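A.B. asks: Structure provided below as C-alpha coordinates; questions to follow.
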Amino acid sequence: MQVFHHIQSLRDALAKERAAGKRIGFVPTMGNLHDAHIELVKIAKRNCDVVVTSIFVNPLQFGLNEDWDKYPRTLAADSAKLEAAHCDYLFCPNDKEIYPNGMAEQTRVIVPTMTDVLCGASRPGHFEGVTTVVTKLFNIVQPDEAVFGVKDFQQLAVIRRMVEDLCIPIKIVAGDIVREADGLAMSSRNGFITADERPRVAQLSRSLNWVKQEITNGRRDFSTLVETAKEQILNAGFKVDYLSICNSRTLEMAAHDDKEITILGAMYTQGARLIDNVSLVLS
(Lines give C-alpha, C1' and ligand atoms only; values in the text may rest on other atoms or scores of the structure.)
Protein backbone atom coordinates (compact mmCIF):
# COMPACT_ATOMS: atom_id res chain seq x y z
CA MET A 1 0.00 0.00 0.00
CA GLN A 2 1.36 3.39 -0.98
CA VAL A 3 0.74 6.33 1.37
CA PHE A 4 0.32 9.91 0.14
CA HIS A 5 -0.02 13.18 2.03
CA HIS A 6 -0.17 15.55 -0.95
CA ILE A 7 -2.76 15.96 -3.68
CA GLN A 8 -0.42 16.21 -6.64
CA SER A 9 1.60 13.10 -5.84
CA LEU A 10 -1.59 11.05 -5.44
CA ARG A 11 -2.96 12.44 -8.70
CA ASP A 12 0.26 11.53 -10.52
CA ALA A 13 0.11 7.94 -9.23
CA LEU A 14 -3.56 7.54 -10.13
CA ALA A 15 -3.03 9.03 -13.58
CA LYS A 16 -0.73 6.10 -14.36
CA GLU A 17 -3.36 3.62 -13.16
CA ARG A 18 -6.02 5.34 -15.24
CA ALA A 19 -3.78 5.34 -18.32
CA ALA A 20 -3.36 1.59 -17.87
CA GLY A 21 -7.14 1.20 -18.05
CA LYS A 22 -7.61 0.49 -14.35
CA ARG A 23 -10.97 1.10 -12.67
CA ILE A 24 -10.54 3.15 -9.47
CA GLY A 25 -12.62 2.72 -6.32
CA PHE A 26 -12.64 5.17 -3.42
CA VAL A 27 -13.56 4.90 0.27
CA PRO A 28 -13.50 8.27 2.12
CA THR A 29 -13.16 7.95 5.92
CA MET A 30 -12.21 9.93 9.01
CA GLY A 31 -10.06 7.08 10.31
CA ASN A 32 -10.34 5.14 13.57
CA LEU A 33 -11.24 2.26 11.29
CA HIS A 34 -13.30 -0.75 12.32
CA ASP A 35 -14.75 -3.78 10.53
CA ALA A 36 -17.49 -1.74 8.87
CA HIS A 37 -14.93 0.51 7.19
CA ILE A 38 -12.91 -2.50 6.06
CA GLU A 39 -16.04 -4.05 4.56
CA LEU A 40 -16.39 -0.91 2.39
CA VAL A 41 -12.80 -1.37 1.22
CA LYS A 42 -13.56 -5.00 0.36
CA ILE A 43 -16.60 -3.93 -1.67
CA ALA A 44 -14.46 -1.43 -3.59
CA LYS A 45 -11.82 -4.13 -4.09
CA ARG A 46 -14.38 -6.52 -5.58
CA ASN A 47 -15.71 -3.89 -7.97
CA CYS A 48 -12.52 -2.09 -9.00
CA ASP A 49 -8.90 -2.74 -9.96
CA VAL A 50 -7.42 -0.10 -7.65
CA VAL A 51 -8.73 1.09 -4.28
CA VAL A 52 -7.98 4.44 -2.63
CA THR A 53 -8.92 5.10 0.99
CA SER A 54 -8.69 8.57 2.49
CA ILE A 55 -8.31 9.41 6.17
CA PHE A 56 -9.11 13.01 7.02
CA VAL A 57 -10.82 14.24 10.18
CA ASN A 58 -12.70 17.06 8.49
CA PRO A 59 -13.02 20.09 10.79
CA LEU A 60 -15.60 21.70 8.49
CA GLN A 61 -18.27 19.15 9.41
CA PHE A 62 -17.91 19.51 13.19
CA GLY A 63 -20.08 22.12 14.88
CA LEU A 64 -19.58 24.08 18.06
CA ASN A 65 -19.17 21.90 21.16
CA GLU A 66 -18.68 18.79 19.02
CA ASP A 67 -15.88 16.28 19.37
CA TRP A 68 -13.33 17.22 16.66
CA ASP A 69 -10.50 17.57 19.20
CA LYS A 70 -11.18 14.21 20.85
CA TYR A 71 -12.05 12.32 17.67
CA PRO A 72 -9.68 9.31 17.72
CA ARG A 73 -6.61 9.53 15.48
CA THR A 74 -5.26 6.00 15.03
CA LEU A 75 -3.25 6.21 11.82
CA ALA A 76 -0.80 3.38 12.54
CA ALA A 77 -3.55 0.90 13.39
CA ASP A 78 -5.67 2.13 10.48
CA SER A 79 -2.79 1.66 8.05
CA ALA A 80 -2.25 -1.90 9.22
CA LYS A 81 -5.94 -2.74 8.75
CA LEU A 82 -6.00 -1.23 5.26
CA GLU A 83 -2.85 -3.07 4.25
CA ALA A 84 -4.38 -6.35 5.44
CA ALA A 85 -7.47 -5.58 3.33
CA HIS A 86 -5.22 -5.04 0.27
CA CYS A 87 -5.99 -1.36 -0.13
CA ASP A 88 -3.70 0.06 -2.80
CA TYR A 89 -3.44 3.74 -1.86
CA LEU A 90 -3.92 5.64 1.39
CA PHE A 91 -4.42 9.40 1.21
CA CYS A 92 -4.05 11.19 4.54
CA PRO A 93 -3.68 14.95 3.99
CA ASN A 94 -3.51 17.63 6.66
CA ASP A 95 -5.92 20.55 7.01
CA LYS A 96 -3.70 22.89 5.00
CA GLU A 97 -3.63 20.49 2.05
CA ILE A 98 -7.44 20.29 1.91
CA TYR A 99 -8.17 23.91 2.88
CA PRO A 100 -5.20 25.90 1.51
CA ASN A 101 -7.10 29.20 1.77
CA GLY A 102 -8.52 28.45 5.21
CA MET A 103 -11.98 27.19 6.08
CA ALA A 104 -13.51 30.64 6.39
CA GLU A 105 -12.68 31.37 2.74
CA GLN A 106 -13.55 27.89 1.44
CA THR A 107 -16.08 27.61 -1.40
CA ARG A 108 -18.99 25.54 -0.05
CA VAL A 109 -21.21 22.88 -1.61
CA ILE A 110 -24.78 22.95 -0.29
CA VAL A 111 -27.55 20.40 -0.85
CA PRO A 112 -30.79 22.13 0.21
CA THR A 113 -33.80 20.66 1.99
CA MET A 114 -32.40 17.16 2.61
CA THR A 115 -29.77 18.55 4.97
CA ASP A 116 -32.11 20.54 7.23
CA VAL A 117 -33.83 17.53 8.80
CA LEU A 118 -32.84 14.56 10.98
CA CYS A 119 -29.12 14.86 11.80
CA GLY A 120 -29.00 18.20 9.99
CA ALA A 121 -31.53 19.71 12.39
CA SER A 122 -29.38 19.01 15.44
CA ARG A 123 -26.02 19.56 13.70
CA PRO A 124 -26.31 22.84 11.74
CA GLY A 125 -23.66 23.10 9.03
CA HIS A 126 -22.64 19.46 9.34
CA PHE A 127 -23.76 18.34 5.92
CA GLU A 128 -22.36 21.46 4.27
CA GLY A 129 -18.99 20.35 5.64
CA VAL A 130 -19.55 16.80 4.42
CA THR A 131 -20.63 17.71 0.90
CA THR A 132 -17.84 20.25 0.54
CA VAL A 133 -15.06 17.88 1.57
CA VAL A 134 -16.49 14.93 -0.36
CA THR A 135 -16.65 17.07 -3.51
CA LYS A 136 -13.02 18.05 -2.99
CA LEU A 137 -12.00 14.43 -2.42
CA PHE A 138 -13.93 13.32 -5.51
CA ASN A 139 -12.07 15.95 -7.55
CA ILE A 140 -8.74 14.85 -6.11
CA VAL A 141 -9.19 11.10 -6.61
CA GLN A 142 -11.56 11.14 -9.62
CA PRO A 143 -12.73 7.58 -8.93
CA ASP A 144 -15.06 5.49 -11.05
CA GLU A 145 -17.04 4.59 -7.95
CA ALA A 146 -17.13 5.53 -4.28
CA VAL A 147 -18.40 3.36 -1.43
CA PHE A 148 -20.30 4.72 1.60
CA GLY A 149 -21.90 2.92 4.53
CA VAL A 150 -25.67 2.73 4.92
CA LYS A 151 -25.37 3.46 8.67
CA ASP A 152 -25.05 7.14 7.71
CA PHE A 153 -28.23 6.88 5.63
CA GLN A 154 -28.87 10.61 5.42
CA GLN A 155 -25.28 11.26 4.37
CA LEU A 156 -25.59 8.60 1.67
CA ALA A 157 -28.84 10.11 0.39
CA VAL A 158 -27.36 13.63 0.38
CA ILE A 159 -24.25 12.52 -1.51
CA ARG A 160 -26.35 10.69 -4.07
CA ARG A 161 -28.42 13.84 -4.62
CA MET A 162 -25.26 15.97 -4.86
CA VAL A 163 -23.71 13.65 -7.45
CA GLU A 164 -26.93 13.69 -9.48
CA ASP A 165 -27.41 17.45 -9.25
CA LEU A 166 -23.81 18.33 -10.11
CA CYS A 167 -23.48 15.69 -12.86
CA ILE A 168 -20.45 14.11 -11.15
CA PRO A 169 -19.48 10.98 -13.14
CA ILE A 170 -19.04 8.69 -10.12
CA LYS A 171 -21.12 5.64 -9.21
CA ILE A 172 -22.15 5.73 -5.53
CA VAL A 173 -22.21 2.26 -3.93
CA ALA A 174 -23.79 1.52 -0.55
CA GLY A 175 -22.29 -0.91 1.95
CA ASP A 176 -24.61 -2.62 4.43
CA ILE A 177 -24.50 -1.78 8.14
CA VAL A 178 -22.06 -3.99 10.04
CA ARG A 179 -23.33 -4.79 13.53
CA GLU A 180 -22.11 -6.19 16.82
CA ALA A 181 -23.66 -9.44 18.05
CA ASP A 182 -26.38 -7.56 19.97
CA GLY A 183 -27.35 -5.41 16.99
CA LEU A 184 -25.38 -2.25 17.81
CA ALA A 185 -24.21 -0.63 14.59
CA MET A 186 -20.42 -0.37 14.43
CA SER A 187 -19.24 3.22 14.77
CA SER A 188 -16.07 5.09 15.62
CA ARG A 189 -18.03 6.77 18.40
CA ASN A 190 -18.83 3.47 20.11
CA GLY A 191 -15.56 3.87 21.96
CA PHE A 192 -17.19 6.66 24.00
CA ILE A 193 -19.91 4.33 25.36
CA THR A 194 -19.40 3.57 29.06
CA ALA A 195 -19.24 0.02 30.40
CA ASP A 196 -22.48 0.63 32.29
CA GLU A 197 -24.30 1.76 29.14
CA ARG A 198 -22.94 -0.89 26.79
CA PRO A 199 -25.52 -3.62 27.61
CA ARG A 200 -28.36 -1.17 26.89
CA VAL A 201 -27.27 0.79 23.82
CA ALA A 202 -28.64 -1.75 21.34
CA GLN A 203 -32.08 -0.44 22.34
CA LEU A 204 -31.85 2.02 19.44
CA SER A 205 -31.56 -0.84 16.97
CA ARG A 206 -34.27 -2.84 18.74
CA SER A 207 -36.71 0.07 18.68
CA LEU A 208 -36.14 0.80 14.99
CA ASN A 209 -36.65 -2.86 14.15
CA TRP A 210 -39.80 -2.95 16.27
CA VAL A 211 -41.22 -0.06 14.21
CA LYS A 212 -40.23 -1.86 11.01
CA GLN A 213 -42.03 -5.01 12.10
CA GLU A 214 -45.16 -3.09 13.09
CA ILE A 215 -45.28 -1.38 9.67
CA THR A 216 -44.69 -4.71 7.94
CA ASN A 217 -47.63 -6.10 9.90
CA GLY A 218 -49.86 -3.38 8.49
CA ARG A 219 -49.79 -0.51 10.97
CA ARG A 220 -49.79 2.99 9.49
CA ASP A 221 -50.22 5.09 12.65
CA PHE A 222 -46.73 6.42 12.18
CA SER A 223 -46.85 9.13 14.86
CA THR A 224 -47.93 6.63 17.50
CA LEU A 225 -45.21 4.19 16.47
CA VAL A 226 -42.61 6.95 16.72
CA GLU A 227 -43.73 8.02 20.19
CA THR A 228 -43.75 4.44 21.48
CA ALA A 229 -40.27 3.79 20.12
CA LYS A 230 -39.00 6.99 21.73
CA GLU A 231 -40.43 5.84 25.06
CA GLN A 232 -38.60 2.54 24.70
CA ILE A 233 -35.30 4.38 24.27
CA LEU A 234 -36.01 6.77 27.15
CA ASN A 235 -36.89 3.83 29.42
CA ALA A 236 -33.51 2.28 28.57
CA GLY A 237 -31.87 5.40 29.99
CA PHE A 238 -30.98 7.41 26.90
CA LYS A 239 -31.93 10.79 25.47
CA VAL A 240 -33.59 10.72 22.06
CA ASP A 241 -32.35 13.18 19.45
CA TYR A 242 -34.87 12.14 16.82
CA LEU A 243 -36.78 9.13 15.53
CA SER A 244 -38.48 9.47 12.16
CA ILE A 245 -40.25 7.33 9.57
CA CYS A 246 -39.21 8.68 6.17
CA ASN A 247 -39.52 8.17 2.45
CA SER A 248 -36.26 6.40 1.59
CA ARG A 249 -35.56 8.54 -1.46
CA THR A 250 -36.52 12.04 -0.35
CA LEU A 251 -36.14 11.77 3.46
CA GLU A 252 -39.51 13.51 3.77
CA MET A 253 -41.95 12.17 6.35
CA ALA A 254 -43.37 8.93 4.99
CA ALA A 255 -46.88 8.92 3.58
CA HIS A 256 -49.19 6.01 4.30
CA ASP A 257 -48.92 4.76 0.73
CA ASP A 258 -45.13 5.04 0.37
CA LYS A 259 -43.51 1.80 -0.72
CA GLU A 260 -39.89 2.49 0.23
CA ILE A 261 -39.55 3.50 3.88
CA THR A 262 -36.58 4.05 6.20
CA ILE A 263 -36.85 4.44 9.96
CA LEU A 264 -34.01 6.60 11.25
CA GLY A 265 -33.01 7.37 14.82
CA ALA A 266 -30.36 9.11 16.88
CA MET A 267 -29.81 9.03 20.63
CA TYR A 268 -27.33 10.34 23.17
CA THR A 269 -25.33 8.26 25.61
CA GLN A 270 -23.20 9.96 28.26
CA GLY A 271 -20.34 10.46 25.83
CA ALA A 272 -21.62 9.70 22.34
CA ARG A 273 -24.35 10.44 19.86
CA LEU A 274 -25.34 7.22 18.09
CA ILE A 275 -27.30 6.88 14.86
CA ASP A 276 -28.95 3.91 13.16
CA ASN A 277 -31.59 3.07 10.59
CA VAL A 278 -33.58 0.22 9.05
CA SER A 279 -35.36 0.14 5.70
CA LEU A 280 -38.23 -1.81 4.22
CA VAL A 281 -39.96 -2.10 0.87
CA LEU A 282 -43.71 -2.65 0.91
CA SER A 283 -45.51 -4.47 -1.86
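Residues in the C-alpha coordinates are named by chain (A, B, ... in the order shown) and by number from 1 within that chain; ligands are numbered from 1 in the order shown.
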So that I can check the surroundings of segment 35-51 of chain A, please list as number ranges by chain every protein, DNA and RNA residue that reaches within 8 Å of it, counting only C-alpha atoms and ignoring chain neighbours fewer than 3 positions away.

C.D. replies: A: 17, 22-27, 29, 81-82, 85-89, 145-149, 175, 177-178, 186-187

A.B. asks: Can you list, as a ChimeraX atom specification, every protein, DNA or RNA residue that comes within 8 Å of segment 217-229 of chain A when you count only C-alpha atoms, leaving out same-chain residues fewer than 4 positions away?

C.D. replies: /A:207-208,210-211,213,233,243-245,256

A.B. asks: Choose the residue, out of A:Ala76, A:Asp176, A:Glu164, A:Thr194, that has the smallest atom-to-atom separation from Val150 of chain A; count only C-alpha atoms.

C.D. replies: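 Selected residue with least distance to Val150 of chain A: A:Asp176.
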